[in-house]
$ cat query15.pdb   # PDB, C-alpha atoms, pLDDT in the B column
ATOM      1  CA  MET A   1       0.000   0.000   0.000  1.00 45.00           C
ATOM      2  CA  GLY A   2       1.454   3.346  -1.101  1.00 51.00           C
ATOM      3  CA  LEU A   3       1.764   6.507   0.969  1.00 54.00           C
ATOM      4  CA  THR A   4      -1.469   8.044  -0.354  1.00 61.00           C
ATOM      5  CA  GLU A   5      -3.463   4.885   0.327  1.00 67.00           C
ATOM      6  CA  THR A   6      -1.936   4.598   3.797  1.00 71.00           C
ATOM      7  CA  LEU A   7      -2.795   8.207   4.663  1.00 70.00           C
ATOM      8  CA  CYS A   8      -6.296   7.748   3.280  1.00 75.00           C
ATOM      9  CA  HIS A   9      -6.822   4.631   5.401  1.00 76.00           C
ATOM     10  CA  TYR A  10      -5.652   6.183   8.660  1.00 81.00           C
ATOM     11  CA  ASN A  11      -7.439   9.483   8.008  1.00 81.00           C
ATOM     12  CA  THR A  12     -10.773   7.756   7.494  1.00 85.00           C
ATOM     13  CA  GLN A  13     -10.219   5.555  10.540  1.00 88.00           C
ATOM     14  CA  LEU A  14      -9.501   8.612  12.676  1.00 90.00           C
ATOM     15  CA  ILE A  15     -12.601  10.420  11.453  1.00 90.00           C
ATOM     16  CA  HIS A  16     -14.698   7.296  12.046  1.00 86.00           C
ATOM     17  CA  SER A  17     -13.363   7.040  15.605  1.00 89.00           C
ATOM     18  CA  CYS A  18     -13.246  10.717  16.614  1.00 92.00           C
ATOM     19  CA  SER A  19     -15.996  12.259  14.475  1.00 92.00           C
ATOM     20  CA  TYR A  20     -15.667  16.069  14.188  1.00 94.00           C
ATOM     21  CA  TYR A  21     -12.652  16.051  16.506  1.00 95.00           C
ATOM     22  CA  GLY A  22     -10.893  13.909  13.924  1.00 93.00           C
ATOM     23  CA  VAL A  23     -11.679  16.452  11.204  1.00 94.00           C
ATOM     24  CA  PHE A  24     -10.385  19.238  13.443  1.00 96.00           C
ATOM     25  CA  PHE A  25      -7.182  17.357  14.284  1.00 95.00           C
ATOM     26  CA  LEU A  26      -6.395  16.372  10.692  1.00 93.00           C
ATOM     27  CA  MET A  27      -7.051  19.867   9.347  1.00 94.00           C
ATOM     28  CA  THR A  28      -4.820  21.292  12.071  1.00 94.00           C
ATOM     29  CA  LEU A  29      -2.022  19.061  10.800  1.00 90.00           C
ATOM     30  CA  GLU A  30      -2.898  19.893   7.181  1.00 88.00           C
ATOM     31  CA  SER A  31      -2.460  23.607   7.870  1.00 88.00           C
ATOM     32  CA  MET A  32       0.955  23.003   9.385  1.00 84.00           C
ATOM     33  CA  ILE A  33       3.819  21.296   7.585  1.00 75.00           C
ATOM     34  CA  ALA A  34       2.616  17.743   8.176  1.00 75.00           C
ATOM     35  CA  PRO A  35       2.011  15.754   4.955  1.00 69.00           C
ATOM     36  CA  ILE A  36      -1.778  15.471   5.419  1.00 79.00           C
ATOM     37  CA  PRO A  37      -3.526  16.484   2.172  1.00 80.00           C
ATOM     38  CA  SER A  38      -6.914  18.104   2.634  1.00 84.00           C
ATOM     39  CA  GLU A  39      -7.994  16.113  -0.439  1.00 83.00           C
ATOM     40  CA  LEU A  40      -7.844  12.985   1.738  1.00 81.00           C
ATOM     41  CA  VAL A  41      -9.837  14.480   4.611  1.00 87.00           C
ATOM     42  CA  MET A  42     -12.608  16.828   3.521  1.00 90.00           C
ATOM     43  CA  PRO A  43     -14.169  14.776   0.668  1.00 89.00           C
ATOM     44  CA  PHE A  44     -14.647  11.904   3.118  1.00 88.00           C
ATOM     45  CA  ALA A  45     -16.353  14.328   5.510  1.00 91.00           C
ATOM     46  CA  GLY A  46     -18.585  15.307   2.581  1.00 90.00           C
ATOM     47  CA  PHE A  47     -19.425  11.651   1.979  1.00 89.00           C
ATOM     48  CA  LEU A  48     -20.412  11.307   5.648  1.00 91.00           C
ATOM     49  CA  ILE A  49     -22.692  14.339   5.219  1.00 92.00           C
ATOM     50  CA  PHE A  50     -24.308  12.542   2.281  1.00 90.00           C
ATOM     51  CA  THR A  51     -24.886   9.409   4.389  1.00 89.00           C
ATOM     52  CA  GLY A  52     -26.354  11.485   7.228  1.00 91.00           C
ATOM     53  CA  HIS A  53     -23.580  10.755   9.720  1.00 90.00           C
ATOM     54  CA  PHE A  54     -22.226  14.325   9.739  1.00 93.00           C
ATOM     55  CA  ASP A  55     -23.867  17.722   9.959  1.00 95.00           C
ATOM     56  CA  PRO A  56     -22.500  20.203   7.357  1.00 94.00           C
ATOM     57  CA  TRP A  57     -22.338  23.088   9.835  1.00 96.00           C
ATOM     58  CA  TRP A  58     -20.247  21.122  12.313  1.00 96.00           C
ATOM     59  CA  VAL A  59     -17.956  19.999   9.499  1.00 95.00           C
ATOM     60  CA  LEU A  60     -17.503  23.644   8.485  1.00 96.00           C
ATOM     61  CA  ILE A  61     -16.759  24.696  12.077  1.00 96.00           C
ATOM     62  CA  ALA A  62     -14.378  21.810  12.809  1.00 96.00           C
ATOM     63  CA  SER A  63     -12.418  22.152   9.566  1.00 95.00           C
ATOM     64  CA  SER A  64     -12.178  25.956   9.716  1.00 95.00           C
ATOM     65  CA  LEU A  65     -11.044  25.930  13.339  1.00 96.00           C
ATOM     66  CA  GLY A  66      -8.492  23.246  12.523  1.00 95.00           C
ATOM     67  CA  SER A  67      -7.136  25.302   9.626  1.00 94.00           C
ATOM     68  CA  ILE A  68      -6.826  28.389  11.826  1.00 94.00           C
ATOM     69  CA  VAL A  69      -5.166  26.555  14.727  1.00 95.00           C
ATOM     70  CA  GLY A  70      -2.677  24.774  12.445  1.00 93.00           C
ATOM     71  CA  SER A  71      -1.871  27.997  10.616  1.00 93.00           C
ATOM     72  CA  MET A  72      -1.389  29.847  13.902  1.00 93.00           C
ATOM     73  CA  LEU A  73       1.040  27.176  15.112  1.00 91.00           C
ATOM     74  CA  SER A  74       3.052  27.505  11.899  1.00 88.00           C
ATOM     75  CA  TYR A  75       2.871  31.305  12.184  1.00 90.00           C
ATOM     76  CA  GLY A  76       4.268  31.063  15.716  1.00 88.00           C
ATOM     77  CA  MET A  77       7.004  28.730  14.549  1.00 85.00           C
ATOM     78  CA  GLY A  78       7.936  31.255  11.877  1.00 83.00           C
ATOM     79  CA  MET A  79       8.214  33.998  14.482  1.00 84.00           C
ATOM     80  CA  LEU A  80      10.863  31.916  16.264  1.00 83.00           C
ATOM     81  CA  GLY A  81      13.108  32.242  13.203  1.00 77.00           C
ATOM     82  CA  GLU A  82      14.110  30.161  10.208  1.00 73.00           C
ATOM     83  CA  PRO A  83      16.806  28.107  12.035  1.00 79.00           C
ATOM     84  CA  VAL A  84      14.154  26.826  14.445  1.00 73.00           C
ATOM     85  CA  VAL A  85      11.785  26.039  11.561  1.00 74.00           C
ATOM     86  CA  LEU A  86      14.426  24.065   9.691  1.00 74.00           C
ATOM     87  CA  ARG A  87      15.622  22.276  12.808  1.00 75.00           C
ATOM     88  CA  TYR A  88      12.258  21.018  14.010  1.00 68.00           C
ATOM     89  CA  GLY A  89      10.396  21.001  10.702  1.00 70.00           C
ATOM     90  CA  ARG A  90      12.367  17.986   9.518  1.00 67.00           C
ATOM     91  CA  TYR A  91      10.447  15.843  11.997  1.00 63.00           C
ATOM     92  CA  LEU A  92       7.307  16.682  10.012  1.00 62.00           C
ATOM     93  CA  LEU A  93       9.066  16.017   6.686  1.00 61.00           C
ATOM     94  CA  LEU A  94       9.590  19.706   5.879  1.00 68.00           C
ATOM     95  CA  ASN A  95      11.215  20.218   2.486  1.00 67.00           C
ATOM     96  CA  PRO A  96      13.632  23.207   2.781  1.00 73.00           C
ATOM     97  CA  HIS A  97      13.397  23.896  -0.962  1.00 72.00           C
ATOM     98  CA  HIS A  98       9.608  24.136  -0.776  1.00 67.00           C
ATOM     99  CA  LEU A  99       9.906  26.468   2.196  1.00 74.00           C
ATOM    100  CA  GLU A 100      12.361  28.724   0.363  1.00 77.00           C
ATOM    101  CA  TRP A 101      10.086  28.890  -2.694  1.00 70.00           C
ATOM    102  CA  THR A 102       7.079  29.695  -0.487  1.00 74.00           C
ATOM    103  CA  LYS A 103       9.028  32.398   1.354  1.00 75.00           C
ATOM    104  CA  LYS A 104       9.935  34.102  -1.930  1.00 77.00           C
ATOM    105  CA  PHE A 105       6.323  33.792  -3.070  1.00 72.00           C
ATOM    106  CA  PHE A 106       5.179  35.574   0.099  1.00 77.00           C
ATOM    107  CA  GLU A 107       7.837  38.279  -0.239  1.00 74.00           C
ATOM    108  CA  ARG A 108       6.750  39.014  -3.822  1.00 73.00           C
ATOM    109  CA  HIS A 109       3.004  39.161  -3.266  1.00 68.00           C
ATOM    110  CA  GLY A 110       2.562  40.156   0.379  1.00 69.00           C
ATOM    111  CA  GLY A 111      -0.240  39.349   2.787  1.00 73.00           C
ATOM    112  CA  LYS A 112      -2.828  38.468   0.151  1.00 78.00           C
ATOM    113  CA  THR A 113      -0.869  35.281  -0.531  1.00 81.00           C
ATOM    114  CA  ILE A 114      -2.293  33.906   2.731  1.00 85.00           C
ATOM    115  CA  PHE A 115      -5.661  33.768   0.955  1.00 87.00           C
ATOM    116  CA  ILE A 116      -4.402  32.770  -2.493  1.00 82.00           C
ATOM    117  CA  SER A 117      -2.140  30.016  -1.179  1.00 81.00           C
ATOM    118  CA  ARG A 118      -5.065  27.996   0.220  1.00 84.00           C
ATOM    119  CA  PHE A 119      -5.759  26.953  -3.378  1.00 80.00           C
ATOM    120  CA  ILE A 120      -2.152  26.139  -4.346  1.00 76.00           C
ATOM    121  CA  PRO A 121      -0.497  22.738  -3.764  1.00 71.00           C
ATOM    122  CA  VAL A 122       2.457  22.560  -1.357  1.00 72.00           C
ATOM    123  CA  VAL A 123       2.257  26.307  -0.654  1.00 76.00           C
ATOM    124  CA  ARG A 124      -0.942  25.898   1.373  1.00 80.00           C
ATOM    125  CA  HIS A 125       0.944  23.792   3.927  1.00 77.00           C
ATOM    126  CA  LEU A 126       3.836  26.231   4.339  1.00 79.00           C
ATOM    127  CA  ILE A 127       2.617  29.787   3.754  1.00 82.00           C
ATOM    128  CA  SER A 128       1.986  30.545   7.449  1.00 86.00           C
ATOM    129  CA  ILE A 129       5.691  30.176   8.243  1.00 83.00           C
ATOM    130  CA  PRO A 130       6.851  33.062   5.995  1.00 83.00           C
ATOM    131  CA  ALA A 131       4.000  35.143   7.426  1.00 84.00           C
ATOM    132  CA  GLY A 132       5.442  34.545  10.886  1.00 85.00           C
ATOM    133  CA  LEU A 133       8.977  35.229   9.709  1.00 82.00           C
ATOM    134  CA  ALA A 134       7.783  38.558   8.243  1.00 81.00           C
ATOM    135  CA  ARG A 135       5.836  39.421  11.437  1.00 84.00           C
ATOM    136  CA  MET A 136       2.652  39.898   9.411  1.00 85.00           C
ATOM    137  CA  SER A 137      -0.152  41.578  11.386  1.00 85.00           C
ATOM    138  CA  LEU A 138      -2.138  38.905  13.185  1.00 89.00           C
ATOM    139  CA  MET A 139      -5.710  39.966  12.417  1.00 91.00           C
ATOM    140  CA  PRO A 140      -5.310  40.147   8.597  1.00 88.00           C
ATOM    141  CA  PHE A 141      -3.472  36.821   8.772  1.00 90.00           C
ATOM    142  CA  ILE A 142      -6.372  35.177  10.608  1.00 92.00           C
ATOM    143  CA  ILE A 143      -9.007  36.686   8.298  1.00 92.00           C
ATOM    144  CA  TYR A 144      -7.196  35.670   5.093  1.00 91.00           C
ATOM    145  CA  THR A 145      -6.635  32.194   6.511  1.00 92.00           C
ATOM    146  CA  LEU A 146     -10.239  31.760   7.619  1.00 93.00           C
ATOM    147  CA  VAL A 147     -11.765  32.885   4.319  1.00 93.00           C
ATOM    148  CA  GLY A 148      -9.365  31.013   2.044  1.00 91.00           C
ATOM    149  CA  ALA A 149      -9.300  27.800   4.068  1.00 92.00           C
ATOM    150  CA  THR A 150     -13.076  27.704   4.492  1.00 94.00           C
ATOM    151  CA  MET A 151     -13.662  28.183   0.766  1.00 94.00           C
ATOM    152  CA  TRP A 152     -11.221  25.397  -0.117  1.00 92.00           C
ATOM    153  CA  ASN A 153     -12.473  23.030   2.581  1.00 93.00           C
ATOM    154  CA  MET A 154     -16.108  23.488   1.611  1.00 93.00           C
ATOM    155  CA  PHE A 155     -15.290  22.983  -2.066  1.00 91.00           C
ATOM    156  CA  LEU A 156     -13.798  19.608  -1.169  1.00 90.00           C
ATOM    157  CA  VAL A 157     -16.767  18.790   1.065  1.00 92.00           C
ATOM    158  CA  TYR A 158     -19.164  19.612  -1.771  1.00 91.00           C
ATOM    159  CA  CYS A 159     -17.208  17.329  -4.096  1.00 87.00           C
ATOM    160  CA  GLY A 160     -17.399  14.545  -1.507  1.00 87.00           C
ATOM    161  CA  VAL A 161     -21.171  14.968  -1.239  1.00 88.00           C
ATOM    162  CA  ARG A 162     -21.570  14.869  -5.014  1.00 86.00           C
ATOM    163  CA  LEU A 163     -19.229  11.935  -5.575  1.00 82.00           C
ATOM    164  CA  LYS A 164     -20.711   9.938  -2.666  1.00 81.00           C
ATOM    165  CA  GLU A 165     -18.920   6.604  -2.234  1.00 76.00           C
ATOM    166  CA  ASN A 166     -16.480   7.587  -4.991  1.00 74.00           C
ATOM    167  CA  TRP A 167     -15.130  10.487  -2.901  1.00 72.00           C
ATOM    168  CA  ARG A 168     -11.521   9.247  -3.287  1.00 69.00           C
ATOM    169  CA  LEU A 169     -11.613  10.360  -6.936  1.00 69.00           C
ATOM    170  CA  ILE A 170     -11.400  13.986  -5.819  1.00 65.00           C
ATOM    171  CA  GLN A 171      -7.678  13.721  -5.097  1.00 62.00           C
ATOM    172  CA  GLN A 172      -6.964  12.810  -8.714  1.00 62.00           C
ATOM    173  CA  TYR A 173      -9.043  15.669 -10.075  1.00 58.00           C
ATOM    174  CA  THR A 174      -7.906  18.304  -7.589  1.00 54.00           C
ATOM    175  CA  HIS A 175      -4.361  17.727  -8.819  1.00 54.00           C
ATOM    176  CA  ILE A 176      -5.603  18.753 -12.277  1.00 54.00           C
ATOM    177  CA  LEU A 177      -7.361  21.780 -10.738  1.00 52.00           C
ATOM    178  CA  ASP A 178      -4.126  22.686  -8.952  1.00 52.00           C
ATOM    179  CA  TYR A 179      -2.358  22.953 -12.294  1.00 54.00           C
ATOM    180  CA  PHE A 180      -5.017  25.318 -13.642  1.00 53.00           C
ATOM    181  CA  VAL A 181      -4.791  27.499 -10.528  1.00 50.00           C
ATOM    182  CA  VAL A 182      -1.006  27.704 -10.744  1.00 53.00           C
ATOM    183  CA  ALA A 183      -1.186  28.451 -14.478  1.00 56.00           C
ATOM    184  CA  GLY A 184      -3.715  31.213 -13.829  1.00 54.00           C
ATOM    185  CA  LEU A 185      -1.556  32.779 -11.138  1.00 53.00           C
ATOM    186  CA  LEU A 186       1.510  32.676 -13.367  1.00 60.00           C
ATOM    187  CA  ALA A 187      -0.455  34.282 -16.194  1.00 62.00           C
ATOM    188  CA  ALA A 188      -1.699  37.012 -13.852  1.00 56.00           C
ATOM    189  CA  ALA A 189       1.842  37.643 -12.603  1.00 58.00           C
ATOM    190  CA  ALA A 190       3.171  37.834 -16.179  1.00 64.00           C
ATOM    191  CA  TYR A 191       0.407  40.295 -17.105  1.00 57.00           C
ATOM    192  CA  PHE A 192       1.226  42.445 -14.070  1.00 58.00           C
ATOM    193  CA  VAL A 193       4.941  42.537 -14.979  1.00 62.00           C
ATOM    194  CA  TRP A 194       4.070  43.426 -18.575  1.00 68.00           C
ATOM    195  CA  LYS A 195       1.798  46.280 -17.436  1.00 63.00           C
ATOM    196  CA  VAL A 196       4.474  47.674 -15.103  1.00 62.00           C
ATOM    197  CA  ARG A 197       7.112  47.589 -17.842  1.00 68.00           C
ATOM    198  CA  ALA A 198       4.726  49.111 -20.380  1.00 67.00           C
ATOM    199  CA  SER A 199       3.879  51.981 -18.029  1.00 65.00           C
ATOM    200  CA  ARG A 200       7.578  52.652 -17.389  1.00 63.00           C
ATOM    201  CA  ASN A 201       8.373  52.683 -21.101  1.00 65.00           C
ATOM    202  CA  SER A 202       5.580  55.154 -21.763  1.00 62.00           C
ATOM    203  CA  VAL A 203       7.023  57.666 -19.278  1.00 55.00           C
TER     204      VAL A 203
END
$ encode --input "query15.pdb" --output "structure tokens"
Amino acid sequence: MGLTETLCHYNTQLIHSCSYYGVFFLMTLESMIAPIPSELVMPFAGFLIFTGHFDPWWVLIASSLGSIVGSMLSYGMGMLGEPVVLRYGRYLLLNPHHLEWTKKFFERHGGKTIFISRFIPVVRHLISIPAGLARMSLMPFIIYTLVGATMWNMFLVYCGVRLKENWRLIQQYTHILDYFVVAGLLAAAAYFVWKVRASRNSV
């Protein structure tokens, strides 16, 4: 059994055993640097809504709170400094190259990346650390995190409800969606650079 299948098995077992607390715990880990994809958590919660075992409002509350708590922990880790992040992040399989890329992404685009990154693979797990390193204001950080994470989580829940017992398919298709999101962001960035250069040349 591969890593994805193993994570899927243990995630579903935890949610079965701990109900909404399991959703909260897994989404806390997902919003840190632990390798827990939301695509293996929230669609299953959506399937349990379809079967009548879960209430959608409690799923929303548990997942959103988990995302905020996990992001806050990563934010606090970032405030301790990059050496601390690199030293202890390895125990959660932190990839230093991914962290460096995410840090540059945050430096280029500022606080709004906290919202945007919730829809981008890899970055969504790490973006809170650069925010802590940069001492981003706490309230905007929490608001961006809450709105972005809730939108992403509920999208996955909706897919789980629609796909029913085939909820595992969402991971395959969200990877395709990830590519479109990244392509769109790159296109927007290229357009912005072109506009800035064009305005400078016209002066």
$ residues_around --input "query15.pdb" --residues "Leu126 in chain A" --least-positions-apart "2" --cutoff "12 Å" --atoms "only C-alpha atoms" --output "VMD selection string"
chain A and resid 29 to 35 70 to 75 77 to 78 85 89 92 to 106 113 to 114 117 to 118 120 to 124 128 to 133
$ residues_near_point --input "query15.pdb" --point "(-10.0, 34.7, 4.3)" --cutoff "12 Å" --atoms "all atoms listed in the file" --output "PyMOL selection string"
chain A and resi 64+67-68+111-119+139-152
$ closest_residue --input "query15.pdb" --among "A:Trp167, A:Phe24, A:Val157, A:Glu107" --to "Ile49 in chain A" --atoms "only C-alpha atoms"
A:Val157
$ closest_residue --input "query15.pdb" --among "A:Ala45, A:Leu60, A:Leu86, A:Leu40" --to "Gly160 in chain A" --atoms "only C-alpha atoms"
A:Ala45
$ closest_residue --input "query15.pdb" --among "A:Met79, A:Ala62, A:Cys8, A:Leu138" --to "Asn153 in chain A" --atoms "only C-alpha atoms"
A:Ala62
$ atom_distance --input "query15.pdb" --atom1 "CA of His125 in chain A" --atom2 "CA of His16 in chain A"
24.1 Å
$ atom_distance --input "query15.pdb" --atom1 "CA of Cys159 in chain A" --atom2 "CA of Gly22 in chain A"
19.4 Å
$ closest_residue --input "query15.pdb" --among "A:Val69, A:Leu26, A:Leu163, A:Val59" --to "Tyr10 in chain A" --atoms "all atoms listed in the file"
A:Leu26
$ resolve_selection --input "query15.pdb" --expression "the PyMOL selection byres ((chain A and resi 47) around 10)" --output "JSON, numbers by chain"
{"A": [42, 43, 44, 45, 46, 48, 49, 50, 51, 52, 53, 54, 157, 158, 159, 160, 161, 162, 163, 164, 165, 166, 167, 168]}
